[in-house]
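Structure file query-v1.cif; described as mmCIF, C-alpha atoms.
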```
data_final
loop_
_atom_site.group_PDB
_atom_site.id
_atom_site.type_symbol
_atom_site.label_atom_id
_atom_site.label_comp_id
_atom_site.auth_asym_id
_atom_site.auth_seq_id
_atom_site.Cartn_x
_atom_site.Cartn_y
_atom_site.Cartn_z
ATOM 1 C CA MET A 1072 115.947 63.089 101.150
ATOM 2 C CA ALA A 1073 116.368 62.407 104.875
ATOM 3 C CA ASN A 1074 116.719 58.828 105.990
ATOM 4 C CA ALA A 1075 113.898 57.301 107.998
ATOM 5 C CA PRO A 1076 114.514 57.295 111.762
ATOM 6 C CA PRO A 1077 115.719 53.999 113.233
ATOM 7 C CA SER A 1078 112.908 51.651 114.228
ATOM 8 C CA THR A 1079 112.213 50.809 117.846
ATOM 9 C CA LEU A 1080 110.387 47.817 119.288
ATOM 10 C CA LEU A 1081 107.313 50.038 119.468
ATOM 11 C CA ASP A 1082 107.515 50.803 115.739
ATOM 12 C CA GLU A 1083 108.047 47.150 114.888
ATOM 13 C CA ALA A 1084 105.125 46.072 117.075
ATOM 14 C CA LEU A 1085 102.795 48.460 115.265
ATOM 15 C CA ASP A 1086 103.495 46.560 112.012
ATOM 16 C CA GLY A 1087 101.037 47.402 109.243
ATOM 17 C CA LYS A 1088 98.933 49.554 111.521
ATOM 18 C CA GLY A 1089 101.932 51.741 112.175
ATOM 19 C CA ALA A 1090 102.452 52.098 108.440
ATOM 20 C CA ALA A 1091 98.905 53.451 108.156
ATOM 21 C CA VAL A 1092 99.619 56.137 110.719
ATOM 22 C CA PHE A 1093 102.923 57.135 109.190
ATOM 23 C CA SER A 1094 101.970 56.593 105.571
ATOM 24 C CA THR A 1095 103.111 59.047 102.938
ATOM 25 C CA SER A 1096 100.779 57.640 100.289
ATOM 26 C CA PRO A 1097 96.990 57.406 100.096
ATOM 27 C CA ALA A 1098 95.442 54.629 102.154
ATOM 28 C CA PRO A 1099 92.007 53.025 101.717
ATOM 29 C CA GLY A 1100 91.294 53.816 105.359
ATOM 30 C CA GLY A 1101 93.101 55.190 108.339
ATOM 31 C CA ARG A 1102 93.525 53.581 111.729
ATOM 32 C CA MET A 1103 92.817 54.408 115.353
ATOM 33 C CA ILE A 1104 95.420 53.994 118.068
ATOM 34 C CA LEU A 1105 94.326 54.189 121.704
ATOM 35 C CA VAL A 1106 97.003 54.807 124.348
ATOM 36 C CA GLU A 1107 95.959 53.957 127.909
ATOM 37 C CA ASP A 1108 97.991 54.844 130.994
ATOM 38 C CA CYS A 1109 97.583 55.330 134.735
ATOM 39 C CA VAL A 1110 98.652 57.707 137.484
ATOM 40 C CA GLU A 1111 101.733 55.646 138.363
ATOM 41 C CA THR A 1112 102.991 55.430 134.766
ATOM 42 C CA SER A 1113 102.251 58.146 132.222
ATOM 43 C CA GLY A 1114 101.801 57.212 128.564
ATOM 44 C CA ALA A 1115 102.572 60.713 127.305
ATOM 45 C CA PHE A 1116 105.921 59.514 125.889
ATOM 46 C CA VAL A 1117 104.046 57.242 123.472
ATOM 47 C CA VAL A 1118 102.057 60.212 122.149
ATOM 48 C CA HIS A 1119 105.304 62.186 121.761
ATOM 49 C CA HIS A 1120 106.864 59.276 119.881
ATOM 50 C CA LEU A 1121 103.929 58.958 117.493
ATOM 51 C CA LEU A 1122 103.821 62.733 116.945
ATOM 52 C CA LYS A 1123 107.503 62.811 116.031
ATOM 53 C CA ARG A 1124 107.066 59.883 113.635
ATOM 54 C CA CYS A 1125 104.173 61.601 111.882
ATOM 55 C CA LEU A 1126 106.256 64.770 111.438
ATOM 56 C CA SER A 1127 109.518 63.052 110.459
ATOM 57 C CA PRO A 1128 111.408 64.555 107.465
ATOM 58 C CA HIS A 1129 110.776 61.514 105.246
ATOM 59 C CA SER A 1130 107.008 61.917 105.658
ATOM 60 C CA SER A 1131 104.686 64.502 104.119
ATOM 61 C CA ASP A 1132 101.915 63.832 106.621
ATOM 62 C CA VAL A 1133 99.971 66.554 108.444
ATOM 63 C CA VAL A 1134 98.937 66.444 112.114
ATOM 64 C CA VAL A 1135 95.881 68.053 113.707
ATOM 65 C CA PHE A 1136 96.630 68.095 117.453
ATOM 66 C CA LEU A 1137 93.901 68.756 120.035
ATOM 67 C CA SER A 1138 95.361 69.492 123.435
ATOM 68 C CA PHE A 1139 93.163 69.458 126.509
ATOM 69 C CA ALA A 1140 96.201 68.777 128.728
ATOM 70 C CA HIS A 1141 99.082 71.190 127.970
ATOM 71 C CA PRO A 1142 99.898 74.377 126.028
ATOM 72 C CA PHE A 1143 101.901 74.300 122.810
ATOM 73 C CA SER A 1144 105.120 75.285 124.619
ATOM 74 C CA HIS A 1145 105.021 72.040 126.644
ATOM 75 C CA TYR A 1146 105.069 69.790 123.575
ATOM 76 C CA ASP A 1147 107.502 72.053 121.723
ATOM 77 C CA ARG A 1148 110.033 71.800 124.570
ATOM 78 C CA ILE A 1149 109.786 68.000 124.773
ATOM 79 C CA LEU A 1150 109.882 67.383 121.017
ATOM 80 C CA ARG A 1151 112.896 69.700 120.605
ATOM 81 C CA LYS A 1152 114.829 67.360 122.896
ATOM 82 C CA MET A 1153 113.784 64.534 120.591
ATOM 83 C CA GLY A 1154 115.035 66.413 117.538
ATOM 84 C CA CYS A 1155 111.709 67.733 116.237
ATOM 85 C CA ASN A 1156 110.921 71.471 116.119
ATOM 86 C CA LEU A 1157 107.149 71.877 116.420
ATOM 87 C CA SER A 1158 107.314 75.631 115.823
ATOM 88 C CA VAL A 1159 108.866 75.020 112.415
ATOM 89 C CA GLN A 1160 106.364 72.260 111.659
ATOM 90 C CA ARG A 1161 103.504 74.603 112.550
ATOM 91 C CA ASP A 1162 104.922 77.380 110.348
ATOM 92 C CA ASN A 1163 105.274 74.859 107.508
ATOM 93 C CA LYS A 1164 101.576 73.930 107.869
ATOM 94 C CA ARG A 1165 102.378 70.345 108.837
ATOM 95 C CA LEU A 1166 101.018 70.833 112.358
ATOM 96 C CA MET A 1167 97.714 72.421 113.314
ATOM 97 C CA PHE A 1168 97.665 72.841 117.093
ATOM 98 C CA LEU A 1169 94.334 73.511 118.820
ATOM 99 C CA ASP A 1170 94.923 74.658 122.403
ATOM 100 C CA MET A 1171 91.688 73.802 124.196
ATOM 101 C CA LEU A 1172 93.034 75.242 127.448
ATOM 102 C CA VAL A 1173 92.425 78.754 126.162
ATOM 103 C CA LEU A 1174 90.058 78.071 123.264
ATOM 104 C CA GLU A 1175 91.820 80.467 120.958
ATOM 105 C CA ARG A 1176 90.678 81.278 117.444
ATOM 106 C CA LEU A 1177 90.213 78.060 115.495
ATOM 107 C CA GLY A 1178 89.472 79.593 112.122
ATOM 108 C CA GLU A 1179 89.605 82.839 110.228
ATOM 109 C CA ASP A 1180 85.956 83.685 110.848
ATOM 110 C CA PHE A 1181 85.071 81.587 113.861
ATOM 111 C CA MET A 1182 85.718 82.107 117.547
ATOM 112 C CA ILE A 1183 84.852 79.481 120.141
ATOM 113 C CA ARG A 1184 84.259 80.713 123.668
ATOM 114 C CA ARG A 1185 82.716 79.042 126.682
ATOM 115 C CA ASP A 1186 80.588 82.115 127.374
ATOM 116 C CA ARG A 1187 78.032 83.859 125.131
ATOM 117 C CA GLY A 1188 75.492 81.177 125.925
ATOM 118 C CA LYS A 1189 77.359 78.371 124.191
ATOM 119 C CA THR A 1190 76.833 74.879 125.591
ATOM 120 C CA SER A 1191 79.453 72.133 125.698
ATOM 121 C CA GLU A 1192 77.646 70.487 122.794
ATOM 122 C CA ASP A 1193 77.916 73.700 120.752
ATOM 123 C CA VAL A 1194 81.654 73.855 121.411
ATOM 124 C CA PHE A 1195 82.282 70.236 120.390
ATOM 125 C CA ILE A 1196 80.152 70.531 117.253
ATOM 126 C CA ALA A 1197 82.063 73.645 116.228
ATOM 127 C CA LEU A 1198 85.373 71.986 117.092
ATOM 128 C CA PHE A 1199 84.671 68.988 114.880
ATOM 129 C CA GLY A 1200 83.666 71.346 112.102
ATOM 130 C CA GLU A 1201 87.071 73.026 112.341
ATOM 131 C CA ILE A 1202 88.845 69.636 112.331
ATOM 132 C CA GLN A 1203 86.902 68.458 109.302
ATOM 133 C CA LYS A 1204 87.617 71.719 107.484
ATOM 134 C CA ALA A 1205 91.341 71.502 108.290
ATOM 135 C CA VAL A 1206 91.493 67.899 107.073
ATOM 136 C CA GLU A 1207 89.731 68.715 103.808
ATOM 137 C CA VAL A 1208 92.012 71.703 103.165
ATOM 138 C CA CYS A 1209 95.138 69.625 103.821
ATOM 139 C CA LEU A 1210 93.941 66.817 101.579
ATOM 140 C CA SER A 1211 93.312 69.298 98.762
ATOM 141 C CA HIS A 1212 97.020 70.206 98.661
ATOM 142 C CA GLU A 1213 99.303 68.154 96.461
ATOM 143 C CA GLY A 1214 101.554 65.871 98.507
ATOM 144 C CA ARG A 1215 99.427 66.214 101.672
ATOM 145 C CA GLN A 1216 97.798 62.838 101.418
ATOM 146 C CA HIS A 1217 97.497 61.568 104.964
ATOM 147 C CA ILE A 1218 96.227 63.336 108.075
ATOM 148 C CA THR A 1219 96.583 62.199 111.679
ATOM 149 C CA VAL A 1220 94.333 63.630 114.400
ATOM 150 C CA ILE A 1221 95.842 63.386 117.906
ATOM 151 C CA ILE A 1222 93.805 64.020 121.078
ATOM 152 C CA ASP A 1223 95.537 64.548 124.448
ATOM 153 C CA ASP A 1224 93.605 63.545 126.401
ATOM 154 C CA VAL A 1225 90.126 62.003 126.451
ATOM 155 C CA SER A 1226 89.614 62.136 130.233
ATOM 156 C CA LEU A 1227 90.192 65.917 130.267
ATOM 157 C CA MET A 1228 87.878 66.242 127.275
ATOM 158 C CA GLU A 1229 85.210 64.672 129.466
ATOM 159 C CA VAL A 1230 85.835 67.392 132.065
ATOM 160 C CA ASP A 1231 85.298 70.021 129.358
ATOM 161 C CA ALA A 1232 82.061 68.244 128.485
ATOM 162 C CA ASN A 1233 80.864 68.692 132.094
ATOM 163 C CA GLY A 1234 81.200 64.971 132.725
ATOM 164 C CA SER A 1235 79.104 63.886 129.750
ATOM 165 C CA SER A 1236 80.749 60.721 128.474
ATOM 166 C CA ASN A 1237 78.027 60.436 125.821
ATOM 167 C CA LEU A 1238 78.990 63.831 124.377
ATOM 168 C CA VAL A 1239 82.669 62.840 124.325
ATOM 169 C CA LEU A 1240 81.875 59.508 122.689
ATOM 170 C CA ASP A 1241 79.742 61.225 120.042
ATOM 171 C CA PHE A 1242 82.628 63.589 119.268
ATOM 172 C CA LEU A 1243 85.100 60.700 119.038
ATOM 173 C CA HIS A 1244 82.729 58.796 116.764
ATOM 174 C CA TYR A 1245 82.699 61.783 114.422
ATOM 175 C CA CYS A 1246 86.507 61.906 114.489
ATOM 176 C CA TYR A 1247 86.617 58.155 113.948
ATOM 177 C CA SER A 1248 84.393 58.531 110.888
ATOM 178 C CA LEU A 1249 87.213 60.498 109.240
ATOM 179 C CA THR A 1250 89.315 57.316 109.172
ATOM 180 C CA ALA A 1251 86.867 55.698 106.759
ATOM 181 C CA GLN A 1252 85.632 58.770 104.882
ATOM 182 C CA LEU A 1253 88.929 60.578 104.311
ATOM 183 C CA GLY A 1254 91.590 57.984 105.191
ATOM 184 C CA CYS A 1255 92.746 59.867 108.294
ATOM 185 C CA SER A 1256 94.257 58.250 111.372
ATOM 186 C CA LEU A 1257 93.232 58.945 114.959
ATOM 187 C CA ILE A 1258 95.446 58.732 118.055
ATOM 188 C CA THR A 1259 93.979 59.257 121.524
ATOM 189 C CA LEU A 1260 95.381 59.148 125.054
ATOM 190 C CA ASN A 1261 93.147 58.141 127.949
ATOM 191 C CA HIS A 1262 93.722 57.412 131.634
ATOM 192 C CA ASP A 1263 92.599 53.885 132.470
ATOM 193 C CA ASP A 1264 92.475 54.314 136.245
ATOM 194 C CA VAL A 1265 90.169 57.349 136.332
ATOM 195 C CA TYR A 1266 87.333 54.878 135.757
ATOM 196 C CA SER A 1267 88.436 52.393 138.455
ATOM 197 C CA ASN A 1268 85.836 53.520 140.994
ATOM 198 C CA GLU A 1269 83.147 54.427 138.490
ATOM 199 C CA ASP A 1270 80.046 52.469 137.693
ATOM 200 C CA ARG A 1271 80.201 53.494 134.027
ATOM 201 C CA PRO A 1272 83.420 52.394 132.301
ATOM 202 C CA GLY A 1273 81.449 52.342 129.051
ATOM 203 C CA LEU A 1274 83.521 55.083 127.407
ATOM 204 C CA LEU A 1275 86.747 53.143 127.919
ATOM 205 C CA LEU A 1276 85.261 49.898 126.626
ATOM 206 C CA LYS A 1277 83.852 51.584 123.536
ATOM 207 C CA LEU A 1278 87.183 53.240 122.790
ATOM 208 C CA GLU A 1279 88.927 49.877 123.039
ATOM 209 C CA TYR A 1280 86.319 48.412 120.680
ATOM 210 C CA LEU A 1281 86.864 51.150 118.080
ATOM 211 C CA ALA A 1282 90.675 51.091 118.246
ATOM 212 C CA ASP A 1283 92.723 49.063 115.774
ATOM 213 C CA VAL A 1284 95.691 49.247 118.155
ATOM 214 C CA VAL A 1285 95.545 49.501 121.963
ATOM 215 C CA ILE A 1286 98.769 50.440 123.758
ATOM 216 C CA LYS A 1287 98.650 50.020 127.547
ATOM 217 C CA VAL A 1288 101.363 51.680 129.630
ATOM 218 C CA GLU A 1289 101.606 50.217 133.133
ATOM 219 C CA PRO A 1290 104.020 50.044 136.070
ATOM 220 C CA LEU A 1291 106.046 46.871 136.542
ATOM 221 C CA SER A 1292 104.113 44.081 138.202
ATOM 222 C CA THR A 1293 107.176 43.463 140.389
ATOM 223 C CA GLY A 1294 107.289 47.049 141.665
ATOM 224 C CA LEU A 1295 109.699 49.931 141.161
ATOM 225 C CA ALA A 1296 113.073 49.450 139.469
ATOM 226 C CA SER A 1297 115.868 51.943 138.823
ATOM 227 C CA ASP A 1298 116.627 50.846 135.254
ATOM 228 C CA VAL A 1299 113.082 49.947 134.103
ATOM 229 C CA HIS A 1300 110.298 52.507 134.274
ATOM 230 C CA GLY A 1301 107.364 50.341 133.244
ATOM 231 C CA GLN A 1302 105.875 47.856 130.829
ATOM 232 C CA LEU A 1303 104.052 48.380 127.572
ATOM 233 C CA THR A 1304 101.483 46.008 126.110
ATOM 234 C CA LEU A 1305 100.429 46.533 122.499
ATOM 235 C CA SER A 1306 97.384 44.728 121.116
ATOM 236 C CA ASN A 1307 97.249 44.916 117.331
ATOM 237 C CA LYS A 1308 93.854 43.955 115.943
ATOM 238 C CA GLY A 1309 93.139 42.651 112.490
ATOM 239 C CA ILE A 1310 96.585 41.280 111.611
ATOM 240 C CA TYR A 1311 96.180 38.883 108.687
ATOM 241 C CA ASP A 1312 98.212 35.703 108.559
ATOM 242 C CA GLY A 1313 99.258 33.768 105.482
ATOM 243 C CA SER A 1314 95.906 31.992 105.236
ATOM 244 C CA GLY A 1315 94.026 35.305 105.080
ATOM 245 C CA LYS A 1316 92.513 34.922 108.552
ATOM 246 C CA SER A 1317 92.363 37.882 110.920
ATOM 247 C CA ARG A 1318 93.896 37.580 114.382
ATOM 248 C CA ASN A 1319 95.025 39.751 117.252
ATOM 249 C CA LYS A 1320 98.718 40.077 117.954
ATOM 250 C CA VAL A 1321 99.986 41.097 121.398
ATOM 251 C CA HIS A 1322 103.453 42.455 122.157
ATOM 252 C CA ASN A 1323 104.853 43.058 125.611
ATOM 253 C CA PHE A 1324 108.074 44.850 126.450
ATOM 254 C CA HIS A 1325 109.645 47.111 129.030
ATOM 255 C CA PHE A 1326 110.767 50.697 128.631
ATOM 256 C CA ARG A 1327 113.131 53.202 130.161
ATOM 257 C CA ILE A 1328 112.569 56.935 129.666
ATOM 258 C CA LYS A 1329 115.729 58.942 129.029
ATOM 259 C CA ASP A 1330 116.236 62.675 128.700
ATOM 260 C CA SER A 1331 115.665 62.831 124.934
ATOM 261 C CA SER A 1332 114.502 59.321 124.012
ATOM 262 C CA VAL A 1333 112.872 56.133 125.272
ATOM 263 C CA GLU A 1334 114.569 52.740 125.278
ATOM 264 C CA TYR A 1335 112.361 49.698 124.605
ATOM 265 C CA PHE A 1336 113.464 46.158 125.352
ATOM 266 C CA TYR A 1337 112.053 42.709 126.023
ATOM 267 C CA PRO A 1338 111.603 41.536 129.633
ATOM 268 C CA GLY A 1339 114.786 39.882 130.917
ATOM 269 C CA SER A 1340 116.987 41.223 128.121
ATOM 270 C CA LYS A 1341 118.629 43.870 130.326
ATOM 271 C CA THR A 1342 121.454 42.719 132.572
#
```
What does the file become when written as structure tokens?
Amino acid sequence: MANAPPSTLLDEALDGKGAAVFSTSPAPGGRMILVEDCVETSGAFVVHHLLKRCLSPHSSDVVVFLSFAHPFSHYDRILRKMGCNLSVQRDNKRLMFLDMLVLERLGEDFMIRRDRGKTSEDVFIALFGEIQKAVEVCLSHEGRQHITVIIDDVSLMEVDANGSSNLVLDFLHYCYSLTAQLGCSLITLNHDDVYSNEDRPGLLLKLEYLADVVIKVEPLSTGLASDVHGQLTLSNKGIYDGSGKSRNKVHNFHFRIKDSSVEYFYPGSKT
């Protein structure tokens, strides 16, 4: 059996919530992780990291990946550099990739198209039906006991919904319900700054309320640096201390993106 990959500061900061996402045994309920980024500093590397962890050799987890941002080849190229072959994972039924850029066939007997009189609501209802069906099929197989649904990204989903944040939120609520009903986990990426000039940041606030873990990827407050690419703040809700009381735990560290990996370190620890 392959050894578990070495832990990073990001893995350690996730603590018990990370274990829920990467669990290889049944859990009483899954968790939701929200990744927020901005134009200056992309949080895509966090999604890639979490995807690789879910598909690691020591795990038997299955991933349902909804991409509104890039085709399969984009993620396959990046994850290959990180030592994970998504094509093999897809062939082995550990990865179900739904390319929403082309809306290809999502099931054996179902075809989703934007034409033929279908509304955005019709498309999202059908899409959730396909996700729910995929999750139930995976859970029915022996050894496939934990499913993670990854959405990249929420802001582009809102574009597909013709700007209806209520429709997007309804869809995410349905996906979130899988965490309690079927023990799935949910990971979403959203762009914090697309709402900066809007009068309705309600979608972002509601996502932060639902999430068990919020990971914010931001540029350095001191400006650009050659050896530090940004800072990452992780807020982990519902951590229980020794007295049984729930509290929030916040971690802050810097990161540097390399060709095939990301280095995480505490502020001031690099010389």
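If you look at CA of Asn1323 (chain A) and CA of Thr1250 (chain A), they are 26.7 Å away from each other.
We find CA of Asp1231 (chain A) and CA of Leu1278 (chain A) to be spaced 18.1 Å apart.
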I want to know what sits within 12 Å of Ala1296 (chain A), based on all atoms listed in the file, with residues of the same chain fewer than 4 positions away left out; could you give that as a list in words? Pro1290, Leu1291, Ser1292, His1300, Gly1301, Gln1302, His1325, Phe1326 and Arg1327 of chain A
Writing out the chosen residues with C-alpha atoms as a tab-separated table (two decimals), in the coordinates of the input:
```
chain	number	residue	atom	x	y	z
A	1290	PRO	CA	104.02	50.04	136.07
A	1291	LEU	CA	106.05	46.87	136.54
A	1292	SER	CA	104.11	44.08	138.20
A	1300	HIS	CA	110.30	52.51	134.27
A	1301	GLY	CA	107.36	50.34	133.24
A	1302	GLN	CA	105.88	47.86	130.83
A	1325	HIS	CA	109.64	47.11	129.03
A	1326	PHE	CA	110.77	50.70	128.63
A	1327	ARG	CA	113.13	53.20	130.16
```
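The residue set within 12 Å of Val1239 (chain A), counting all atoms listed in the file and dropping same-chain residues fewer than 5 places from it, reads Ser1191, Glu1192, Val1194, Phe1195, Ile1196, Leu1198, Phe1199, Ile1222, Asp1224, Val1225, Ser1226, Leu1227, Met1228, Glu1229, Val1230, Asp1231, Ala1232, Asn1233, Gly1234, His1244, Tyr1245, Cys1246, Gly1273, Leu1274, Leu1275, Lys1277 and Leu1278 of chain A.
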Could you expand the PyMOL selection byres ((chain A and resi 1247) around 12) into the explicit residues it covers here, written as a VMD selection string? chain A and resid 1100 to 1105 1199 1202 to 1203 1219 to 1222 1240 to 1246 1248 to 1259 1277 to 1278 1280 to 1283
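Going from CA of Asp1108 (chain A) over to CA of Asp1264 (chain A), you cover 7.6 Å.
Picked by the PyMOL selection byres ((chain A and resi 1149-1159) around 9) from the coordinates shown: His1119, His1120, Leu1122, Lys1123, Leu1126, Ser1127, Phe1143, Ser1144, His1145, Tyr1146, Asp1147, Arg1148, Gln1160, Arg1161, Asp1162, Asn1163, Lys1164, Arg1165, Leu1166, Asp1330, Ser1331 and Ser1332 of chain A.
If you measure from each of A:Thr1190, A:His1212, A:Val1284, A:Leu1276 to Leu1238 (chain A) using only C-alpha atoms, the closest one turns out to be A:Thr1190.
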Exactly which residues make up the result of the PyMOL selection byres ((chain A and resi 1286) around 10) on this file, given as a PyMOL selection string? chain A and resi 1081+1085+1104-1108+1114+1117+1260+1279+1282+1284-1285+1287-1289+1303-1307+1321-1323
